[in-house]
>>> print(open('work.txt').read())   # compact mmCIF, C-alpha atoms
# COMPACT_ATOMS: atom_id res chain seq x y z
CA MET A 260 0.00 0.00 0.00
CA THR A 261 1.45 3.37 -1.03
CA ALA A 262 0.04 6.83 -0.41
CA ALA A 263 1.52 10.12 -1.60
CA VAL A 264 0.56 13.42 -0.02
CA GLU A 265 1.59 16.86 -1.25
CA HIS A 266 0.53 19.83 0.91
CA THR A 267 2.25 22.57 -1.12
CA PRO A 268 1.58 23.39 -4.79
CA ASP A 269 5.29 23.85 -5.56
CA ALA A 270 7.12 20.72 -4.43
CA SER A 271 10.52 22.14 -5.36
CA SER A 272 10.28 25.17 -3.06
CA GLY A 273 8.17 23.83 -0.19
CA PRO A 274 9.21 22.06 3.02
CA PRO A 275 11.13 18.76 2.91
CA HIS A 276 9.55 15.69 1.36
CA TYR A 277 9.89 12.50 3.39
CA ARG A 278 9.82 8.99 1.97
CA ILE A 279 8.50 6.90 4.84
CA LEU A 280 8.51 3.11 5.02
CA LEU A 281 6.08 1.63 7.56
CA ILE A 282 6.72 -2.01 8.50
CA GLU A 283 3.61 -3.02 10.42
CA ASP A 284 1.56 -6.25 10.19
CA ASP A 285 -1.53 -4.85 11.98
CA LEU A 286 -3.58 -3.16 9.27
CA GLY A 287 -5.52 -1.18 11.87
CA ASP A 288 -2.35 0.27 13.36
CA ALA A 289 -1.03 0.96 9.86
CA LEU A 290 -4.19 2.93 9.03
CA LEU A 291 -3.87 4.98 12.24
CA VAL A 292 -0.25 5.84 11.40
CA GLU A 293 -1.26 6.96 7.91
CA GLU A 294 -4.04 9.17 9.30
CA LEU A 295 -1.64 10.70 11.84
CA LEU A 296 0.87 11.43 9.10
CA HIS A 297 -1.84 13.29 7.19
CA ASP A 298 -2.51 15.36 10.30
CA THR A 299 1.18 16.28 10.79
CA GLY A 300 1.27 18.58 7.78
CA LEU A 301 4.42 16.83 6.52
CA ARG A 302 4.90 16.26 2.82
CA PHE A 303 5.38 12.54 2.61
CA GLU A 304 5.17 9.41 0.54
CA LEU A 305 4.17 6.37 2.57
CA THR A 306 4.93 2.77 1.69
CA THR A 307 3.57 0.03 3.94
CA ARG A 308 4.89 -3.51 4.25
CA THR A 309 3.63 -6.17 6.66
CA THR A 310 6.81 -8.25 7.07
CA LEU A 311 10.54 -7.78 6.95
CA ALA A 312 10.71 -10.07 3.92
CA GLU A 313 8.27 -7.84 2.03
CA ALA A 314 10.28 -4.73 2.98
CA ARG A 315 13.65 -6.04 1.80
CA THR A 316 13.40 -4.39 -1.62
CA GLU A 317 12.83 -0.93 -0.15
CA LEU A 318 15.42 -1.48 2.57
CA GLY A 319 18.09 -2.79 0.21
CA GLY A 320 17.63 0.07 -2.22
CA SER A 321 17.82 2.75 0.50
CA GLN A 322 14.60 4.20 -0.91
CA ALA A 323 13.30 5.57 2.41
CA ASP A 324 14.25 8.60 4.50
CA CYS A 325 12.58 7.19 7.61
CA ILE A 326 11.46 3.72 8.69
CA LEU A 327 8.61 3.25 11.16
CA LEU A 328 9.19 -0.25 12.55
CA ASP A 329 6.85 -2.42 14.59
CA LEU A 330 8.93 -4.66 16.83
CA HIS A 331 6.53 -7.59 16.52
CA LEU A 332 6.46 -8.81 12.95
CA PRO A 333 5.43 -12.29 11.78
CA ASP A 334 8.95 -13.17 10.59
CA VAL A 335 11.11 -11.36 13.19
CA SER A 336 10.56 -9.57 16.49
CA GLY A 337 12.22 -7.54 19.21
CA ILE A 338 15.71 -6.13 18.88
CA ALA A 339 16.39 -8.73 16.19
CA ALA A 340 13.92 -6.90 13.96
CA LEU A 341 15.75 -3.60 14.50
CA THR A 342 19.13 -5.22 13.92
CA ALA A 343 17.93 -6.72 10.63
CA VAL A 344 16.55 -3.39 9.45
CA ARG A 345 19.73 -1.51 10.43
CA THR A 346 21.82 -4.10 8.58
CA LEU A 347 19.79 -3.70 5.39
CA ALA A 348 19.48 0.11 5.66
CA PRO A 349 22.33 1.34 7.87
CA HIS A 350 22.00 5.01 6.86
CA THR A 351 18.23 5.39 7.20
CA ALA A 352 16.48 6.83 10.27
CA VAL A 353 14.55 4.20 12.23
CA ILE A 354 11.70 4.96 14.63
CA VAL A 355 10.49 1.98 16.64
CA LEU A 356 6.80 1.48 17.41
CA THR A 357 6.24 -0.17 20.80
CA GLY A 358 3.20 -1.27 22.79
CA LEU A 359 1.87 0.28 25.99
CA SER A 360 3.17 -2.63 28.07
CA GLU A 361 6.73 -2.47 26.68
CA ALA A 362 8.27 0.06 29.04
CA GLN A 363 11.90 -0.81 28.25
CA ALA A 364 11.57 -1.73 24.59
CA GLY A 365 11.94 1.82 23.32
CA THR A 366 15.08 2.68 25.27
CA GLU A 367 16.62 -0.69 24.40
CA ALA A 368 15.88 -0.04 20.75
CA MET A 369 17.59 3.37 20.89
CA ALA A 370 20.61 1.77 22.54
CA ALA A 371 20.64 -0.71 19.64
CA GLY A 372 20.68 2.02 16.97
CA ALA A 373 17.15 3.40 16.54
CA GLN A 374 16.92 7.19 16.28
CA ASP A 375 13.75 7.32 18.44
CA TYR A 376 10.67 5.37 19.54
CA LEU A 377 6.91 5.96 19.80
CA VAL A 378 4.41 4.20 22.00
CA LYS A 379 1.30 3.06 20.15
CA GLY A 380 -1.83 4.66 21.55
CA LYS A 381 0.07 7.69 22.84
CA VAL A 382 1.06 9.25 19.55
CA GLU A 383 -0.37 12.58 18.44
CA ALA A 384 0.22 14.42 15.20
CA ASP A 385 2.54 17.04 16.70
CA LEU A 386 4.67 14.38 18.37
CA LEU A 387 4.88 12.31 15.18
CA HIS A 388 5.77 15.45 13.21
CA ARG A 389 8.69 16.31 15.52
CA THR A 390 9.86 12.72 15.85
CA VAL A 391 10.06 12.09 12.10
CA ARG A 392 11.83 15.39 11.41
CA TYR A 393 14.38 15.03 14.19
CA ALA A 394 15.02 11.34 13.51
CA VAL A 395 15.79 12.05 9.85
CA TYR A 396 17.95 15.02 10.82
CA ARG A 397 19.92 12.98 13.37
CA SER A 398 20.38 10.12 10.93
CA ARG A 399 21.67 12.41 8.19
CA THR A 400 23.95 14.22 10.64
CA GLU A 401 25.37 10.92 11.90
CA ARG A 402 25.97 9.78 8.33
CA ALA A 403 27.66 13.06 7.38
CA ASN A 404 29.89 12.88 10.45
CA ALA A 405 30.79 9.25 9.71
CA GLU A 406 31.63 10.10 6.08
CA ALA A 407 33.73 13.07 7.18
CA GLN A 408 35.60 10.92 9.67
CA ALA A 409 36.18 8.24 7.03
CA ALA A 410 37.45 10.91 4.63
CA ARG A 411 39.86 12.25 7.27
CA GLN A 412 41.14 8.77 8.02
CA ARG A 413 41.55 8.02 4.31
CA ALA A 414 43.42 11.29 3.79
CA GLU A 415 45.72 10.55 6.73
CA GLU A 416 46.37 7.03 5.46
CA ASN A 417 47.07 8.33 1.96
CA ALA A 418 49.45 10.95 3.37
CA ARG A 419 51.41 8.29 5.26
CA LEU A 420 51.59 6.07 2.19
CA GLU A 421 52.57 9.02 -0.03
CA ARG A 422 55.50 9.79 2.27
CA GLY A 423 56.61 6.19 1.86
CA LEU A 424 56.20 6.28 -1.92
CA LEU A 425 57.95 9.65 -2.43
CA PRO A 426 60.93 9.86 -0.05
CA GLN A 427 63.72 12.40 0.26
CA PRO A 428 66.72 11.51 -1.94
CA ILE A 429 69.96 10.51 -0.23
CA LEU A 430 72.67 12.57 -1.94
CA ASP A 431 76.19 13.32 -0.71
CA THR A 432 78.60 14.63 -3.34
CA SER A 433 76.47 14.28 -6.46
CA SER A 434 75.81 17.45 -8.43
CA VAL A 435 72.78 15.89 -10.18
CA GLN A 436 69.58 17.84 -9.59
CA VAL A 437 66.64 15.63 -8.61
CA THR A 438 63.04 16.63 -9.39
CA SER A 439 60.22 14.26 -8.41
CA ARG A 440 56.44 14.31 -8.39
CA TYR A 441 53.82 11.83 -7.20
CA LEU A 442 50.12 12.43 -7.85
CA PRO A 443 47.11 10.23 -6.97
CA GLY A 444 44.80 9.55 -9.87
CA ALA A 445 41.95 11.71 -8.50
CA ALA A 446 40.99 13.71 -5.46
CA MET A 447 40.31 11.39 -2.51
CA ALA A 448 41.04 8.39 -4.71
CA LEU A 449 42.78 5.35 -3.39
CA LEU A 450 46.49 5.45 -3.95
CA GLY A 451 48.12 3.05 -6.33
CA GLY A 452 51.53 1.47 -6.01
CA ASP A 453 53.67 3.92 -8.00
CA PHE A 454 56.99 4.54 -6.27
CA LEU A 455 60.35 6.23 -6.86
CA ASP A 456 63.62 6.84 -5.05
CA VAL A 457 67.15 8.19 -5.54
CA VAL A 458 70.25 7.41 -3.48
CA GLU A 459 73.97 7.95 -3.87
CA GLY A 460 75.98 4.86 -2.99
CA ASP A 461 79.30 4.69 -1.18
CA ASP A 462 80.87 4.08 -4.58
CA GLY A 463 79.83 7.58 -5.70
CA LEU A 464 77.33 6.23 -8.24
CA LEU A 465 73.84 7.67 -8.37
CA HIS A 466 71.07 5.05 -8.25
CA ALA A 467 67.41 5.65 -9.06
CA VAL A 468 64.23 3.60 -9.37
CA VAL A 469 60.74 4.27 -10.66
CA GLY A 470 58.19 1.49 -10.30
CA ASP A 471 54.50 0.66 -10.49
CA VAL A 472 52.64 -2.08 -8.60
CA SER A 473 49.61 -3.44 -10.43
CA GLY A 474 46.23 -2.44 -9.05
CA HIS A 475 45.09 0.33 -6.73
CA GLY A 476 44.19 0.71 -3.09
CA PRO A 477 45.98 0.14 0.20
CA ASP A 478 47.40 -3.29 -0.75
CA ALA A 479 49.08 -1.97 -3.90
CA ALA A 480 50.27 1.20 -2.14
CA ALA A 481 51.66 -0.73 0.83
CA LEU A 482 53.49 -3.11 -1.51
CA GLY A 483 54.91 -0.11 -3.37
CA VAL A 484 56.24 1.25 -0.08
CA PHE A 485 57.76 -2.16 0.78
CA LEU A 486 59.53 -2.35 -2.59
CA ARG A 487 60.78 1.22 -2.40
CA ILE A 488 62.26 0.71 1.07
CA ALA A 489 63.68 -2.66 0.04
CA TRP A 490 65.32 -1.11 -3.02
CA ARG A 491 66.92 1.66 -0.94
CA SER A 492 68.19 -0.77 1.69
CA LEU A 493 69.54 -3.23 -0.87
CA VAL A 494 71.29 -0.51 -2.90
CA LEU A 495 72.94 0.93 0.19
CA GLY A 496 73.92 -2.64 1.08
CA GLY A 497 75.82 -2.97 -2.20
CA HIS A 498 73.36 -4.99 -4.32
CA ARG A 499 73.18 -4.12 -7.99
CA GLY A 500 71.46 -5.07 -11.25
CA GLU A 501 70.04 -8.58 -11.64
CA ASP A 502 70.89 -9.54 -8.06
CA LEU A 503 69.00 -6.49 -6.77
CA LEU A 504 65.93 -7.24 -8.90
CA HIS A 505 65.97 -10.88 -7.82
CA LEU A 506 65.86 -9.86 -4.15
CA MET A 507 63.13 -7.30 -4.82
CA GLU A 508 61.07 -9.99 -6.52
CA ARG A 509 61.47 -12.30 -3.54
CA ILE A 510 60.24 -9.51 -1.25
CA LEU A 511 57.31 -8.80 -3.54
CA ILE A 512 56.22 -12.44 -3.53
CA ALA A 513 56.52 -12.65 0.25
CA GLU A 514 54.58 -9.42 0.87
CA ARG A 515 51.81 -9.73 -1.73
CA GLY A 516 50.26 -12.71 0.07
CA SER A 517 47.24 -14.08 -1.75
CA HIS A 518 46.94 -11.06 -4.03
CA SER A 519 48.02 -11.57 -7.64
CA LEU A 520 50.06 -8.40 -7.72
CA PHE A 521 53.15 -7.78 -9.82
CA ALA A 522 55.39 -4.76 -10.30
CA THR A 523 57.24 -3.08 -13.12
CA CYS A 524 60.25 -0.87 -12.56
CA THR A 525 63.21 0.83 -14.17
CA LEU A 526 66.55 0.76 -12.35
CA LEU A 527 69.10 3.40 -13.26
CA THR A 528 72.75 3.77 -12.27
CA LEU A 529 74.38 7.03 -13.31
CA ASP A 530 78.18 7.17 -13.36
CA GLN A 531 79.15 10.83 -13.38
CA ARG A 532 82.86 10.22 -13.98
CA ALA A 533 82.33 7.82 -16.88
CA ALA A 534 79.38 9.87 -18.19
CA THR A 535 77.24 6.75 -18.63
CA VAL A 536 73.94 5.41 -17.38
CA THR A 537 73.15 1.70 -16.92
CA LEU A 538 69.53 0.64 -17.17
CA HIS A 539 67.59 -2.46 -16.12
CA LEU A 540 63.98 -2.56 -17.32
CA ALA A 541 61.71 -4.98 -15.46
CA GLY A 542 58.55 -4.77 -17.54
CA HIS A 543 58.80 -0.97 -17.50
CA HIS A 544 59.30 1.49 -20.34
CA GLU A 545 62.50 3.31 -21.21
CA PRO A 546 63.40 6.71 -19.73
CA LEU A 547 63.54 9.86 -21.81
CA LEU A 548 66.86 11.59 -22.50
CA THR A 549 66.86 15.37 -22.98
CA THR A 550 69.82 17.05 -24.69
CA VAL A 551 70.39 20.36 -26.44
CA HIS A 552 68.97 18.69 -29.56
CA GLY A 553 65.64 17.69 -27.97
CA THR A 554 64.13 14.76 -26.10
CA HIS A 555 63.98 11.12 -27.20
CA GLU A 556 63.35 7.71 -25.72
CA VAL A 557 66.47 5.78 -24.71
CA THR A 558 66.86 2.44 -26.48
CA ALA A 559 67.33 -0.30 -23.88
CA ALA A 560 66.84 -4.06 -23.49
CA HIS A 561 63.62 -5.17 -21.81
CA GLY A 562 63.21 -7.65 -18.96
CA ILE A 563 60.20 -9.27 -17.32
CA ALA A 564 58.08 -7.61 -14.63
CA LEU A 565 58.67 -8.68 -11.04
CA GLY A 566 56.39 -11.45 -9.84
CA ILE A 567 55.21 -12.61 -13.29
CA VAL A 568 57.52 -15.64 -13.59
CA PRO A 569 59.39 -15.90 -10.28
CA GLY A 570 62.91 -17.20 -10.64
CA LEU A 571 63.26 -16.51 -14.37
CA ARG A 572 65.70 -13.65 -13.66
CA SER A 573 65.50 -12.14 -17.14
CA TRP A 574 66.74 -8.58 -16.65
CA PRO A 575 69.44 -7.65 -19.18
CA SER A 576 71.38 -4.45 -18.67
CA THR A 577 71.95 -1.61 -21.11
CA THR A 578 74.72 1.00 -20.74
CA VAL A 579 74.27 4.28 -22.61
CA PRO A 580 76.77 7.16 -22.97
CA LEU A 581 75.50 10.52 -21.78
CA PRO A 582 76.14 14.05 -23.00
CA SER A 583 77.97 16.41 -20.67
CA ASP A 584 74.74 18.35 -20.11
CA GLY A 585 71.29 16.84 -20.13
CA ALA A 586 68.42 15.22 -18.22
CA LEU A 587 66.84 11.81 -17.82
CA THR A 588 63.12 11.48 -17.08
CA LEU A 589 61.65 8.30 -15.63
CA TYR A 590 57.88 7.99 -15.22
CA THR A 591 54.98 5.61 -14.69
CA ASP A 592 52.26 4.99 -17.26
CA GLY A 593 49.80 7.31 -15.53
CA LEU A 594 51.54 10.04 -17.52
CA THR A 595 50.97 8.43 -20.93
CA GLU A 596 47.75 6.39 -20.66
CA GLY A 597 45.49 9.42 -20.55
CA HIS A 598 43.75 10.72 -23.66
CA SER A 599 45.55 13.02 -26.08
CA GLY A 600 42.73 15.47 -26.70
CA ALA A 601 39.14 15.48 -27.90
CA ASP A 602 39.37 12.04 -29.53
CA HIS A 603 39.73 8.69 -27.79
CA ASP A 604 43.42 8.16 -28.65
CA ARG A 605 45.87 7.70 -25.79
CA LEU A 606 48.71 10.15 -25.36
CA GLY A 607 51.37 7.42 -25.48
CA VAL A 608 55.11 7.94 -25.65
CA GLU A 609 55.00 9.67 -29.03
CA GLY A 610 52.37 12.08 -27.79
CA LEU A 611 54.39 12.69 -24.64
CA LEU A 612 57.48 13.52 -26.68
CA THR A 613 55.46 15.90 -28.85
CA LEU A 614 54.06 17.53 -25.73
CA ILE A 615 57.54 17.95 -24.25
CA GLY A 616 58.76 19.50 -27.47
CA SER A 617 55.96 22.07 -27.38
CA LEU A 618 56.70 23.25 -23.85
CA PRO A 619 58.68 26.49 -23.43
CA PRO A 620 62.12 26.31 -21.78
CA ALA A 621 61.91 26.25 -17.99
CA ASP A 622 63.78 25.07 -14.93
CA PRO A 623 63.26 21.35 -14.09
CA ASP A 624 60.62 21.94 -11.39
CA ALA A 625 58.52 24.20 -13.58
CA HIS A 626 59.01 21.93 -16.60
CA VAL A 627 57.76 18.79 -14.78
CA ASP A 628 54.81 20.67 -13.32
CA ARG A 629 53.85 22.08 -16.72
CA LEU A 630 54.21 18.66 -18.34
CA ILE A 631 51.84 17.05 -15.83
CA GLN A 632 49.43 19.97 -16.10
CA GLU A 633 49.27 19.74 -19.89
CA ALA A 634 48.85 15.94 -19.83
CA HIS A 635 45.93 16.35 -17.41
CA ARG A 636 44.41 19.08 -19.58
CA LEU A 637 44.47 16.86 -22.66
CA ASN A 638 43.03 13.93 -20.73
CA ALA A 639 40.17 16.07 -19.34
CA GLY A 640 39.47 13.66 -16.52
CA ARG A 641 38.71 10.67 -18.75
CA HIS A 642 41.46 8.44 -17.38
CA SER A 643 42.35 8.27 -13.70
CA ASP A 644 45.62 6.70 -12.60
CA ASP A 645 48.44 7.56 -10.26
CA LEU A 646 51.59 8.94 -11.82
CA ALA A 647 55.15 9.29 -10.66
CA VAL A 648 57.79 11.36 -12.46
CA LEU A 649 61.50 11.50 -11.67
CA ARG A 650 63.82 13.86 -13.55
CA LEU A 651 67.61 13.93 -13.14
CA ASP A 652 69.48 16.98 -14.50
CA TRP A 653 73.24 17.36 -14.75
CA GLY A 654 75.90 19.57 -16.21
CA ASP A 655 79.54 18.73 -17.04
CA LEU A 656 79.36 15.04 -16.04
CA SER A 657 83.08 14.52 -16.41
CA SER A 658 83.83 16.89 -13.53
CA PRO A 659 81.42 16.17 -10.65
CA SER A 660 81.75 18.36 -7.58
>>> encode(input="work.txt", output="structure tokens")
Amino acid sequence: MTAAVEHTPDASSGPPHYRILLIEDDLGDALLVEELLHDTGLRFELTTRTTLAEARTELGGSQADCILLDLHLPDVSGIAALTAVRTLAPHTAVIVLTGLSEAQAGTEAMAAGAQDYLVKGKVEADLLHRTVRYAVYRSRTERANAEAQAARQRAEENARLERGLLPQPILDTSSVQVTSRYLPGAAMALLGGDFLDVVEGDDGLLHAVVGDVSGHGPDAAALGVFLRIAWRSLVLGGHRGEDLLHLMERILIAERGSHSLFATCTLLTLDQRAATVTLHLAGHHEPLLTTVHGTHEVTAAHGIALGIVPGLRSWPSTTVPLPSDGALTLYTDGLTEGHSGADHDRLGVEGLLTLIGSLPPADPDAHVDRLIQEAHRLNAGRHSDDLAVLRLDWGDLSSPS
């Protein structure tokens, strides 16, 4: 049984409209409630169901603003009825209807999660009017507070994970300028597992990594933090190349648990005295090399992503000579998988190179920021993924300070 009542000619500008679900098996009591609602002056739409089973559709779809619940239904009764309703509609105001002889039922129901209670036979229109309004208000306020608290907790968790994914470089004597950026895919979105790091080893070589764990959310982000910390520790411990990747893969397998996560990464070792860079690509794309003649993708041998075929250890190295002045840019695919404009084409590496070529000269910080800004502008919000960018700039490699 459904009844709709409109007391104002302009529904859009009048007082609030309440969708009320009455779960009551006594048709006489249900009729009294409907008559009282008419007398309250509230704008409402009333839906009546006689059992919890019949009400499941409305409860599951969160179609009501307020539920009037009789505690004695044919298929469930007492606090169990309230618990079932709260489980099916956790964000909807619930007002319990009790009998004259149930002195404690109402307070027990409020302790169990009801917003209020009414005693049958003692309800007047003014009381019902206030109770419905305040119950809905309290329910909405509680929901807003819970969502705000969840948002704060999520932001705090993301901030902690971001600090782990984007650390401070460890540099001693190196004259290489490090510029790094990490951006979540969207505001308040779950972080992914993109990570980067730069350290200078005791041997004077500069080591860098940019990586991407498959998937999104806290599991991927936590695994990204594990791999980043493991990489830093292993590099400072003297591990290099294939041996380093093998140990990182072992850590990934141990930490991913039952999740089918894998990771791609680019390892880079820059020798300032020899003016060379050595690359290991584990399922990741090549870095970009910027010289006075422009920017191009470095040609390097490819290896398999970590965790795809454990134990294969297929990570060939590539050593490339470097100009005395230049920059290397490492990045994750969040920078290139977005759209390239009004059409549905992806930006891709070629589009990224074209975009870089169109940017005006700028210092590294401004250049990276402008690059990300322009990539986001072209994408126009159609693709959402984390991105990490690491740029290394140098001058006169043969004479490091």
>>> residues_around(input="work.txt", residues="stretch 464-479 of chain A", least_positions_apart="2", cutoff="6 Å", atoms="only C-alpha atoms", output="VMD selection string")
chain A and resid 449 to 460 462 481 to 482 520 to 530
>>> closest_residue(input="work.txt", among="A:Leu594, A:Ile488, A:Leu506, A:Ile512", to="A:Leu442", atoms="all atoms listed in the file")
A:Leu594
>>> residues_around(input="work.txt", residues="stretch 546-550 of chain A", least_positions_apart="5", cutoff="6 Å", atoms="all atoms listed in the file", output="list in words")
His555, Glu556, Val557, Gly585, Ala586, Leu587, Thr588 and Leu589 of chain A
>>> atom_distance(input="work.txt", atom1="atom CA of A:Val437", atom2="atom CA of A:Val648")
10.6 Å
>>> residues_around(input="work.txt", residues="A:Pro623", least_positions_apart="2", cutoff="8 Å", atoms="only C-alpha atoms", output="PDB file with C-alpha atoms, in the coordinates of the input")
ATOM      1  CA  THR A 438      63.040  16.630  -9.390  1.00  0.00           C
ATOM      2  CA  ALA A 621      61.910  26.250 -17.990  1.00  0.00           C
ATOM      3  CA  ALA A 625      58.520  24.200 -13.580  1.00  0.00           C
ATOM      4  CA  HIS A 626      59.010  21.930 -16.600  1.00  0.00           C
ATOM      5  CA  VAL A 627      57.760  18.790 -14.780  1.00  0.00           C
ATOM      6  CA  ARG A 650      63.820  13.860 -13.550  1.00  0.00           C
ATOM      7  CA  ASP A 652      69.480  16.980 -14.500  1.00  0.00           C
TER       8      ASP A 652
END
>>> closest_residue(input="work.txt", among="A:Ala323, A:Pro443, A:Arg499, A:Glu293", to="A:Ala480", atoms="only C-alpha atoms")
A:Pro443
>>> atom_distance(input="work.txt", atom1="atom CA of A:Arg572", atom2="atom CA of A:Thr591")
22.1 Å
>>> build_atoms(input="work.txt", residues="stretch 543-555 of chain A", atoms="N, CA and C atoms", output="PDB file, keeping the file's coordinate frame")
ATOM      1  N   HIS A 543      59.087  -2.402 -17.483  1.00  0.00           N
ATOM      2  CA  HIS A 543      58.800  -0.970 -17.500  1.00  0.00           C
ATOM      3  C   HIS A 543      59.320  -0.365 -18.801  1.00  0.00           C
ATOM      4  N   HIS A 544      58.865   0.849 -19.107  1.00  0.00           N
ATOM      5  CA  HIS A 544      59.300   1.490 -20.340  1.00  0.00           C
ATOM      6  C   HIS A 544      60.600   2.264 -20.127  1.00  0.00           C
ATOM      7  N   GLU A 545      61.220   2.630 -21.241  1.00  0.00           N
ATOM      8  CA  GLU A 545      62.500   3.310 -21.210  1.00  0.00           C
ATOM      9  C   GLU A 545      62.362   4.745 -20.696  1.00  0.00           C
ATOM     10  N   PRO A 546      63.422   5.284 -20.108  1.00  0.00           N
ATOM     11  CA  PRO A 546      63.400   6.710 -19.730  1.00  0.00           C
ATOM     12  C   PRO A 546      63.576   7.583 -20.954  1.00  0.00           C
ATOM     13  N   LEU A 547      63.360   8.869 -20.746  1.00  0.00           N
ATOM     14  CA  LEU A 547      63.540   9.860 -21.810  1.00  0.00           C
ATOM     15  C   LEU A 547      64.828  10.627 -21.542  1.00  0.00           C
ATOM     16  N   LEU A 548      65.610  10.852 -22.605  1.00  0.00           N
ATOM     17  CA  LEU A 548      66.860  11.590 -22.500  1.00  0.00           C
ATOM     18  C   LEU A 548      66.691  12.945 -23.193  1.00  0.00           C
ATOM     19  N   THR A 549      66.956  14.014 -22.447  1.00  0.00           N
ATOM     20  CA  THR A 549      66.860  15.370 -22.980  1.00  0.00           C
ATOM     21  C   THR A 549      68.262  15.943 -23.165  1.00  0.00           C
ATOM     22  N   THR A 550      68.542  16.419 -24.376  1.00  0.00           N
ATOM     23  CA  THR A 550      69.820  17.050 -24.690  1.00  0.00           C
ATOM     24  C   THR A 550      69.538  18.402 -25.341  1.00  0.00           C
ATOM     25  N   VAL A 551      70.580  19.078 -25.769  1.00  0.00           N
ATOM     26  CA  VAL A 551      70.390  20.360 -26.440  1.00  0.00           C
ATOM     27  C   VAL A 551      69.653  20.185 -27.769  1.00  0.00           C
ATOM     28  N   HIS A 552      69.612  18.954 -28.270  1.00  0.00           N
ATOM     29  CA  HIS A 552      68.970  18.690 -29.560  1.00  0.00           C
ATOM     30  C   HIS A 552      67.506  18.263 -29.396  1.00  0.00           C
ATOM     31  N   GLY A 553      67.029  18.107 -28.178  1.00  0.00           N
ATOM     32  CA  GLY A 553      65.640  17.690 -27.970  1.00  0.00           C
ATOM     33  C   GLY A 553      65.547  16.512 -27.015  1.00  0.00           C
ATOM     34  N   THR A 554      64.397  15.872 -27.002  1.00  0.00           N
ATOM     35  CA  THR A 554      64.130  14.760 -26.100  1.00  0.00           C
ATOM     36  C   THR A 554      63.757  13.522 -26.900  1.00  0.00           C
ATOM     37  N   HIS A 555      64.325  12.381 -26.536  1.00  0.00           N
ATOM     38  CA  HIS A 555      63.980  11.120 -27.200  1.00  0.00           C
ATOM     39  C   HIS A 555      64.003   9.981 -26.181  1.00  0.00           C
TER      40      HIS A 555
END
